[in-house]
Structures are given as structure tokens and as C-alpha cells.
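Data block below; observations after.
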Amino acid sequence: MNKADYLIQGFFFQNQQFLGVEHFSEAEGGARAVIQKAVMRSMFSGIIFPKPDSMTGFSGLMQDHFGNSNLMHVIMDIDLKIVKFVKQYEHRPDVINYELTYDGKLWVGKYEGDAVGTGPVKCCITEVPESLFLPPPLES
């Protein structure tokens, strides 16, 4: 396995329920509270990089609108088309397990965690040179 740096960007999807108002004619009672259902899409982005102290291991960092998270126990086998990792937000004790396989165009799979349930994930994983993370030379 090539020890490279990778960008990861995609979406996870969550089934959500929320309160709404349904409007009726006055003869039918006017309005009433209802529970509405929707699938919410949340974008994430991050990096996966070789662990400095390991010949085979990876770590990572990710961001989404819920906050910053660390990626641990990363298993990346691009040749076998399998990526797995455990995500933990910096401000929460629970963890979320991700499992992805490559379908020829995208990495597709699921997440699962006690606090978040289970849902689908789609993303792109792109190998990038380490120099991407360094600033360009300053012009004088």
C-alpha cells in the first residue's frame, strides 16, 4: 500500500423528524402540529495521512457542520477498494464507525454509531502530494 496523503470529501445522510404545521380550512379545524420527515444531507471534508510513527497505519482529521473530528483506526486499502475508520468529534465522547467500498466512481458505504444511528455515505477520496499542505514560496 502506498503511504500517501489523501483528501476525503463527501456527504452523509440522516433521516430526521421535526415539528411542522399543517394548514386546513376553517371547517377542518384551521391548523395542527404534525411530525414531518426528511432526509438531511451534510457535507464533510478532511484529510487522511500516514501516521508518523507507523509503517502501515493512517490517521485523519475531518470537519462538518457538527464540528471537528479525529479519524482513528483507519484501514485504507485502495487496491482492495476498502476504507474503514472510526470518527470522534472533539467535543463528544461517542464514536461513529464508517465503512466504504469503491463502486468505480465514488466511495459508498455507511456510518453507524450509538448516538447517531446508521445512515448512508458517499464520498471522493483523492491522493494528493504532501506539498499540498505546505504554503507556496513567498515572493520577494
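Chain labels run A, B, ... following the order of the C-alpha cells; each chain numbers its residues from 1, and ligands are numbered from 1 in the order shown.
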Could you name the residues that touch region 28-45 of chain A at 6 Å or less, counting only C-alpha atoms, but leaving out those on the same chain fewer than 6 positions away, as JSON, numbers by chain?
-> {"A": [8, 9, 10, 11, 12, 13, 14, 15, 16, 17, 18, 19, 20, 21, 22, 62, 63, 64]}
Take CA of Gly119 (chain A) and CA of Val83 (chain A) and report the distance between them in Å, one decimal.
->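 Interatomic distance, CA of Gly119 (chain A) to CA of Val83 (chain A): 16.3 Å.
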Interatomic distance (Å, one decimal) between CA of Thr118 (chain A) and CA of His73 (chain A) =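 These two atoms are separated by 19.0 Å.
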Which is closest to Ser59 (chain A) among A:Ile96, A:Val86, A:Val121, A:Ala115, if we use only C-alpha atoms?
->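 Of all the options, A:Val86 lies closest to Ser59 (chain A).
Proximity ranking of A:Trp107, A:Phe58, A:Phe66, A:Tyr102 relative to Ala4 (chain A) places A:Phe58 first, based on only C-alpha atoms.
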Select from chain A everything DSSP, run on the backbone, classes as helix (DSSP H, G or I), then give the selection as a list in words.
-> Glu26, Ala27, Glu28, Glu130, Ser131, Leu132 and Phe133 of chain A
Expected file: the selected residues, N, CA and C atoms, as an mmCIF file, in the first residue's frame:
data_model
loop_
_atom_site.group_PDB
_atom_site.id
_atom_site.type_symbol
_atom_site.label_atom_id
_atom_site.label_comp_id
_atom_site.auth_asym_id
_atom_site.auth_seq_id
_atom_site.Cartn_x
_atom_site.Cartn_y
_atom_site.Cartn_z
ATOM 1 N N GLU A 26 -60.915 26.420 7.687
ATOM 2 C CA GLU A 26 -61.537 26.679 9.000
ATOM 3 C C GLU A 26 -62.530 25.577 9.367
ATOM 4 N N ALA A 27 -63.239 25.055 8.373
ATOM 5 C CA ALA A 27 -64.209 23.990 8.637
ATOM 6 C C ALA A 27 -63.514 22.710 9.107
ATOM 7 N N GLU A 28 -62.247 22.536 8.706
ATOM 8 C CA GLU A 28 -61.492 21.334 9.086
ATOM 9 C C GLU A 28 -60.652 21.568 10.341
ATOM 10 N N GLU A 130 2.184 15.535 -0.722
ATOM 11 C CA GLU A 130 2.362 16.148 0.593
ATOM 12 C C GLU A 130 2.553 17.663 0.488
ATOM 13 N N SER A 131 3.093 18.126 -0.622
ATOM 14 C CA SER A 131 3.344 19.556 -0.800
ATOM 15 C C SER A 131 2.058 20.386 -0.818
ATOM 16 N N LEU A 132 0.897 19.738 -1.027
ATOM 17 C CA LEU A 132 -0.366 20.476 -0.980
ATOM 18 C C LEU A 132 -0.562 21.172 0.363
ATOM 19 N N PHE A 133 -0.048 20.580 1.424
ATOM 20 C CA PHE A 133 -0.274 21.086 2.776
ATOM 21 C C PHE A 133 0.749 22.144 3.194
#
Which residues in region 33-79 of chain A does DSSP call strand (DSSP E)? List them as a PyMOL selection string.
-> chain A and resi 33-50+58-64+67-77
What's the 9 Å shell around Gly109 (chain A), counting only C-alpha atoms, without same-chain residues fewer than 6 positions away, as an MDAnalysis selection string?
-> chainID A and resid 98:102 119:123
Atoms to include: C-alpha atoms. Write the selected residues as a PDB file, in the first residue's frame.
ATOM      1  CA  TYR A  98     -17.506   4.301   8.753  1.00  0.00           C
ATOM      2  CA  GLU A  99     -17.201   1.531   6.143  1.00  0.00           C
ATOM      3  CA  LEU A 100     -16.753   2.379   2.462  1.00  0.00           C
ATOM      4  CA  THR A 101     -16.192   0.456  -0.765  1.00  0.00           C
ATOM      5  CA  TYR A 102     -15.335   1.814  -4.198  1.00  0.00           C
ATOM      6  CA  GLY A 119     -27.024   6.059   7.528  1.00  0.00           C
ATOM      7  CA  PRO A 120     -25.530   6.119   4.040  1.00  0.00           C
ATOM      8  CA  VAL A 121     -22.319   7.895   2.983  1.00  0.00           C
ATOM      9  CA  LYS A 122     -20.915   8.885  -0.419  1.00  0.00           C
ATOM     10  CA  CYS A 123     -17.527  10.492  -0.928  1.00  0.00           C
TER      11      CYS A 123
END
For Glu127 (chain A), which residue among A:Asp5, A:Glu112, A:Asp79, A:Asp103 is the nearest when counting only C-alpha atoms?
->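 Of the candidates, the smallest distance to Glu127 (chain A) is held by A:Asp5.
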